[in-house]
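Participant: Sending over a structure as structure tokens; questions will come in a sec.
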Protein chains: 2
Amino acid sequence: MSTGAVPTTAPTAAPTVGVIPPDALLAHWQGHRRLTRRVIEAFPEDQLFAFSVGGMRPFGVLAMEMVTMGAPMLRGLVTGEWATSASREARPKSEVLRLWDEATVELDALWRQLPAERLHETTTAFGQWTAPAYDLVLYVIDNEIHHRGQGYAYLRALGIEPPPFYDRS
Amino acid sequence: MSTGAVPTTAPTAAPTVGVIPPDALLAHWQGHRRLTRRVIEAFPEDQLFAFSVGGMRPFGVLAMEMVTMGAPMLRGLVTGEWATSASREARPKSEVLRLWDEATVELDALWRQLPAERLHETTTAFGQWTAPAYDLVLYVIDNEIHHRGQGYAYLRALGIEPPPFYDRS
């Protein structure tokens with residue numbers, strides 16, 4: 001074991017050279033979250049936790065999965081504490097949207113506390129997933145897009161036109 | 001009009017500070033493309049361009065949309081030439097996969113010709129979409145994830161288990 005000033009293990013942080021400015025990644029994420037919020041809103045109250053296609057999970061359950069992944073992931077990256085609730089039980093749409101909006105505010109606040117260098121560090125999230133932090137954030141975003149794509153199919157099967165994919169306003 | 005050496009318009013390139021290393025973004029994209037390839041493969045030949053849910057486009061059409069977006073987008077960013085075929089007509093699955101695999105090789109080759117700085121420049125793609133180049137690339141990836149999510153719903157509705165979302169090998 002070295003007692004010198006030079007660390008003997010390789011640093012986990014790569015240089016902060018990259019193609020997406022940190023604020024742009026947050027804006028990208030929040031844009032997707034605004035679209036997902038509109039998809040939640042588009043479901044009839046009585047179908048949100050009931051309807052699905054081909055035996056998949058209803059969209060309310062998928063939305064609650066997103067709630068239990070997004071802010072908890074970023075909280076873990078900022079604080080090093082990895083805690084989340086696994087509860088994805090049925091609840092009124094207004095309650096899902098309330099939790100969604102709380103997460104929106106929390107993500108903005110947490111992002112301001114996250115140094116760009118931190119996003120390059122390899123981290124183990126929730127004691128299970130080891131990857132560069134930017135990959136962990138991308139996974140959360142991708143998971144949301146993936147399940148929202150399912151949600152589009154559910155809405156169409158219900159005869160409801162989903163919000164346009166390209167509009168992130 | 002200035003005749004001096006200092007440009008009078010603001011530069012479109014921001015500093016190359018960002019959270020995702022260029023090679024990681026390509027790896028991320030190709031990982032998603034490997035998964036999408038498995039989804040194409042999972043469709044029965046006679047359902048690829050026929051089956052859908054709720055009147056949406058069949059997955060073969062969506063896969064062809066991906067083919068006409070991915071490599072053409074990157075080709076445009078590298079060469080400044082924005083050309084693509086709009087043909088999304090039905091064809092054998094083997095032909096879709098052949099086009100897919102050609103694009104895989106082309107994306108790798110084009111990426112090597114793309115300076116990281118280029119990804120920060122604001123560009124108008126296909127004469128229509130103006131955004132920083134990294135946003136244009138993210139849009140293509142997100143569009144693929146979105147439509148693949150629909151494809152998962154189609155497969156489930158057909159009684160077929162889709163490949164696992166987290167496996168990008």
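All residue names refer to the structure tokens as shown: chains lettered A, B, ... in order, residues numbered from 1 in each chain, ligands numbered from 1 in order.
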If we count only C-alpha atoms, what is near region 26-30 of chain A at a cut-off of 10 Å, once residues fewer than 2 positions away on the same chain are taken out, given as a list in words?

Facilitator: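 Residues meeting the cut-off are Ile20, Pro21, Pro22, Asp23, Ala24, His32, Arg33, Arg34, Leu35, Thr36, Gly70, Thr104, Leu107, Asp108, Trp111, Arg112, Val137, Leu138, Val140, Ile141, Asp142, Glu144, Arg168 and Ser169 of chain A; Asp135, Leu138 and Tyr139 of chain B.
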
Participant: For Tyr152 (chain B), list every protein, DNA or RNA residue within 8 Å, evaluated using only C-alpha atoms, and leave out those in the same chain fewer than 2 positions away; present the list as a PyMOL selection string.

Facilitator: (chain A and resi 150) or (chain B and resi 39+148-150+154-156+162)

Participant: Work out how far apart CA of Glu106 (chain A) and CA of Val17 (chain B) are and give it in Å to one decimal.

Facilitator: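 These two atoms are separated by 24.3 Å.
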
Participant: Considering only C-alpha atoms, state which residue in the set A:Ala90, A:Ile145, A:Ala133, A:Val96 is at the smallest distance from Phe51 (chain A).

Facilitator: A:Ala90

Participant: Which of chain B counts as strand (DSSP E or B) under DSSP, as a PyMOL selection string please?

Facilitator: chain B and resi 13+17+121-125+129-132

Participant: Save out the residues we just selected, C-alpha atoms, as a short mmCIF file (atom, residue, chain, number, x, y, z; two decimals), in the first residue's frame.

Facilitator:
```
data_model
loop_
_atom_site.label_atom_id
_atom_site.label_comp_id
_atom_site.auth_asym_id
_atom_site.auth_seq_id
_atom_site.Cartn_x
_atom_site.Cartn_y
_atom_site.Cartn_z
CA ALA B 13 -19.41 25.83 -32.18
CA VAL B 17 -17.01 20.44 -22.83
CA GLU B 121 -21.93 22.92 -34.13
CA THR B 122 -25.46 23.96 -34.91
CA THR B 123 -26.50 22.40 -38.19
CA THR B 124 -29.58 22.21 -40.38
CA ALA B 125 -30.18 18.55 -41.20
CA TRP B 129 -34.08 20.54 -38.62
CA THR B 130 -31.73 23.07 -37.05
CA ALA B 131 -30.04 22.05 -33.80
CA PRO B 132 -26.63 21.31 -32.33
#
```

Participant: For chain A, which residue among B:Pro44, B:Pro72, B:Gly54, B:Gly31 is the nearest when counting only C-alpha atoms?

Facilitator: B:Gly54

Participant: Between B:Ser87, B:Leu97, B:Gly159, B:Asp167, single out the one closest to chain A, counting only C-alpha atoms.

Facilitator: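 Under the stated criterion, the closest residue is B:Gly159.
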
Participant: Find, counting only C-alpha atoms, the residue in A:Pro115, A:Gly60, A:Gly76, A:Pro92 that gets nearest to chain B.

Facilitator: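 Ranking A:Pro115, A:Gly60, A:Gly76, A:Pro92 by distance to chain B, first place goes to A:Pro115.
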
Participant: Using only C-alpha atoms, find the one residue out of B:Met73, B:Met56, B:Ala42, B:Ala63 that sits nearest to chain A.

Facilitator: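 Of all the options, B:Met56 lies closest to chain A.
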
Participant: Any idea what's packed within 10 Å of Ser94 (chain B), counting only C-alpha atoms, ignoring anything in its chain fewer than 5 positions away? Could you give it as a list in words?

Facilitator: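 Everything that qualifies: Ile40, Glu41, Glu45, Leu99 and Trp100 of chain B.
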
Participant: Quick one: distance from CA of Leu136 (chain B) to CA of Glu102 (chain A) in Å, one decimal?

Facilitator: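 CA of Glu102 (chain A) lies at a distance of 29.2 Å from CA of Leu136 (chain B).
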
Participant: Fewer than 6 positions away in the same chain doesn't count, so skip those; otherwise give me all residues within 10 Å of Phe49 (chain A), counting only C-alpha atoms, as an MDAnalysis selection string.

Facilitator: chainID A and resid 43 57:63 88:93

Participant: For the selection you just gave me, I'd like the residues written to a file as a CSV table (one decimal), in the first residue's frame, keeping C-alpha atoms.

Facilitator:
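The new file result14.csv reads:
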```csv
chain,number,residue,atom,x,y,z
A,43,PHE,CA,-54.7,8.1,-20.3
A,57,ARG,CA,-47.6,-3.7,-17.4
A,58,PRO,CA,-50.1,-0.9,-17.5
A,59,PHE,CA,-48.7,2.6,-18.2
A,60,GLY,CA,-49.3,3.8,-14.6
A,61,VAL,CA,-47.0,1.1,-13.4
A,62,LEU,CA,-44.4,2.1,-16.0
A,63,ALA,CA,-44.8,5.8,-15.0
A,88,ARG,CA,-45.6,1.1,-8.1
A,89,GLU,CA,-49.1,0.5,-6.8
A,90,ALA,CA,-52.2,2.0,-8.5
A,91,ARG,CA,-53.1,5.5,-7.4
A,92,PRO,CA,-55.1,8.4,-8.9
A,93,LYS,CA,-53.6,10.1,-12.0
```

Participant: May I ask for the distance between CA of Arg37 (chain A) and CA of His120 (chain B), given in Å to one decimal place?

Facilitator: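 Rounded to one decimal, the two atoms are 28.8 Å apart.
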
Participant: When distances are computed from only C-alpha atoms, which of A:Ala83, A:Asn143, A:Gly151, A:Phe126 shows the smallest separation from Leu48 (chain A)?

Facilitator: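 Looking at the shortest contact to Leu48 (chain A), the residue is A:Gly151.
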
Participant: Quick one: DSSP alpha helix (DSSP H) residues in chain A, as number ranges by chain?

Facilitator: A: 22-42, 59-79, 93-112, 133-157

Participant: How about saving the chosen residues, C-alpha atoms kept, as a PDB file, in the first residue's frame?

Facilitator:
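Written output follows (result24.pdb):
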```
ATOM      1  CA  PRO A  22     -24.074  19.054 -19.022  1.00  0.00           C
ATOM      2  CA  ASP A  23     -26.912  21.588 -19.084  1.00  0.00           C
ATOM      3  CA  ALA A  24     -27.982  20.288 -22.495  1.00  0.00           C
ATOM      4  CA  LEU A  25     -28.251  16.754 -21.098  1.00  0.00           C
ATOM      5  CA  LEU A  26     -30.529  17.975 -18.298  1.00  0.00           C
ATOM      6  CA  ALA A  27     -32.607  19.971 -20.806  1.00  0.00           C
ATOM      7  CA  HIS A  28     -32.813  16.879 -23.021  1.00  0.00           C
ATOM      8  CA  TRP A  29     -34.006  14.781 -20.077  1.00  0.00           C
ATOM      9  CA  GLN A  30     -36.561  17.330 -18.867  1.00  0.00           C
ATOM     10  CA  GLY A  31     -37.862  17.688 -22.433  1.00  0.00           C
ATOM     11  CA  HIS A  32     -38.518  13.954 -22.538  1.00  0.00           C
ATOM     12  CA  ARG A  33     -40.131  14.160 -19.110  1.00  0.00           C
ATOM     13  CA  ARG A  34     -42.508  16.886 -20.294  1.00  0.00           C
ATOM     14  CA  LEU A  35     -43.588  14.620 -23.151  1.00  0.00           C
ATOM     15  CA  THR A  36     -44.018  11.625 -20.822  1.00  0.00           C
ATOM     16  CA  ARG A  37     -46.135  13.794 -18.519  1.00  0.00           C
ATOM     17  CA  ARG A  38     -48.466  14.485 -21.453  1.00  0.00           C
ATOM     18  CA  VAL A  39     -48.694  10.748 -22.138  1.00  0.00           C
ATOM     19  CA  ILE A  40     -49.680  10.120 -18.496  1.00  0.00           C
ATOM     20  CA  GLU A  41     -52.309  12.867 -18.788  1.00  0.00           C
ATOM     21  CA  ALA A  42     -53.670  11.360 -22.020  1.00  0.00           C
ATOM     22  CA  PHE A  59     -48.705   2.579 -18.194  1.00  0.00           C
ATOM     23  CA  GLY A  60     -49.332   3.810 -14.642  1.00  0.00           C
ATOM     24  CA  VAL A  61     -46.980   1.099 -13.353  1.00  0.00           C
ATOM     25  CA  LEU A  62     -44.380   2.097 -15.953  1.00  0.00           C
ATOM     26  CA  ALA A  63     -44.760   5.779 -14.987  1.00  0.00           C
ATOM     27  CA  MET A  64     -44.222   4.867 -11.335  1.00  0.00           C
ATOM     28  CA  GLU A  65     -41.120   2.898 -12.370  1.00  0.00           C
ATOM     29  CA  MET A  66     -39.829   6.097 -13.980  1.00  0.00           C
ATOM     30  CA  VAL A  67     -40.583   8.036 -10.784  1.00  0.00           C
ATOM     31  CA  THR A  68     -38.639   5.501  -8.729  1.00  0.00           C
ATOM     32  CA  MET A  69     -35.680   5.609 -11.129  1.00  0.00           C
ATOM     33  CA  GLY A  70     -35.097   9.225 -12.197  1.00  0.00           C
ATOM     34  CA  ALA A  71     -34.691  11.455  -9.161  1.00  0.00           C
ATOM     35  CA  PRO A  72     -33.388   8.548  -7.002  1.00  0.00           C
ATOM     36  CA  MET A  73     -30.633   7.923  -9.591  1.00  0.00           C
ATOM     37  CA  LEU A  74     -29.555  11.551  -9.633  1.00  0.00           C
ATOM     38  CA  ARG A  75     -29.852  11.780  -5.833  1.00  0.00           C
ATOM     39  CA  GLY A  76     -27.516   8.809  -5.576  1.00  0.00           C
ATOM     40  CA  LEU A  77     -24.993  10.365  -7.957  1.00  0.00           C
ATOM     41  CA  VAL A  78     -24.999  13.609  -5.968  1.00  0.00           C
ATOM     42  CA  THR A  79     -25.188  12.288  -2.402  1.00  0.00           C
ATOM     43  CA  LYS A  93     -53.615  10.052 -11.988  1.00  0.00           C
ATOM     44  CA  SER A  94     -53.393  13.344 -10.086  1.00  0.00           C
ATOM     45  CA  GLU A  95     -51.126  11.653  -7.541  1.00  0.00           C
ATOM     46  CA  VAL A  96     -48.821  10.255 -10.275  1.00  0.00           C
ATOM     47  CA  LEU A  97     -48.611  13.738 -11.800  1.00  0.00           C
ATOM     48  CA  ARG A  98     -47.897  15.301  -8.398  1.00  0.00           C
ATOM     49  CA  LEU A  99     -44.982  12.903  -7.849  1.00  0.00           C
ATOM     50  CA  TRP A 100     -43.839  13.578 -11.428  1.00  0.00           C
ATOM     51  CA  ASP A 101     -43.784  17.340 -10.847  1.00  0.00           C
ATOM     52  CA  GLU A 102     -41.945  16.977  -7.545  1.00  0.00           C
ATOM     53  CA  ALA A 103     -39.275  14.974  -9.369  1.00  0.00           C
ATOM     54  CA  THR A 104     -39.002  17.683 -12.046  1.00  0.00           C
ATOM     55  CA  VAL A 105     -38.102  20.285  -9.417  1.00  0.00           C
ATOM     56  CA  GLU A 106     -35.778  17.878  -7.596  1.00  0.00           C
ATOM     57  CA  LEU A 107     -33.888  16.960 -10.790  1.00  0.00           C
ATOM     58  CA  ASP A 108     -33.207  20.634 -11.547  1.00  0.00           C
ATOM     59  CA  ALA A 109     -31.959  21.232  -8.005  1.00  0.00           C
ATOM     60  CA  LEU A 110     -29.796  18.088  -7.894  1.00  0.00           C
ATOM     61  CA  TRP A 111     -28.254  18.802 -11.306  1.00  0.00           C
ATOM     62  CA  ARG A 112     -26.944  22.151 -10.029  1.00  0.00           C
ATOM     63  CA  ALA A 133     -22.404   8.049 -14.400  1.00  0.00           C
ATOM     64  CA  TYR A 134     -23.372   9.491 -17.799  1.00  0.00           C
ATOM     65  CA  ASP A 135     -24.313   5.972 -18.887  1.00  0.00           C
ATOM     66  CA  LEU A 136     -26.479   5.543 -15.798  1.00  0.00           C
ATOM     67  CA  VAL A 137     -28.287   8.809 -16.623  1.00  0.00           C
ATOM     68  CA  LEU A 138     -28.705   7.772 -20.272  1.00  0.00           C
ATOM     69  CA  TYR A 139     -30.124   4.436 -19.134  1.00  0.00           C
ATOM     70  CA  VAL A 140     -32.812   6.185 -17.091  1.00  0.00           C
ATOM     71  CA  ILE A 141     -33.715   8.436 -20.034  1.00  0.00           C
ATOM     72  CA  ASP A 142     -33.715   5.522 -22.492  1.00  0.00           C
ATOM     73  CA  ASN A 143     -35.864   3.418 -20.187  1.00  0.00           C
ATOM     74  CA  GLU A 144     -38.388   6.262 -20.067  1.00  0.00           C
ATOM     75  CA  ILE A 145     -38.431   6.614 -23.900  1.00  0.00           C
ATOM     76  CA  HIS A 146     -38.753   2.833 -24.282  1.00  0.00           C
ATOM     77  CA  HIS A 147     -41.711   2.480 -21.938  1.00  0.00           C
ATOM     78  CA  ARG A 148     -43.322   5.647 -23.274  1.00  0.00           C
ATOM     79  CA  GLY A 149     -43.187   4.034 -26.729  1.00  0.00           C
ATOM     80  CA  GLN A 150     -45.217   1.188 -25.251  1.00  0.00           C
ATOM     81  CA  GLY A 151     -47.560   3.824 -23.824  1.00  0.00           C
ATOM     82  CA  TYR A 152     -48.095   5.233 -27.314  1.00  0.00           C
ATOM     83  CA  ALA A 153     -49.194   1.773 -28.471  1.00  0.00           C
ATOM     84  CA  TYR A 154     -51.570   1.491 -25.486  1.00  0.00           C
ATOM     85  CA  LEU A 155     -53.121   4.896 -26.273  1.00  0.00           C
ATOM     86  CA  ARG A 156     -53.584   4.028 -29.952  1.00  0.00           C
ATOM     87  CA  ALA A 157     -55.154   0.710 -28.977  1.00  0.00           C
TER      88      ALA A 157
END
```
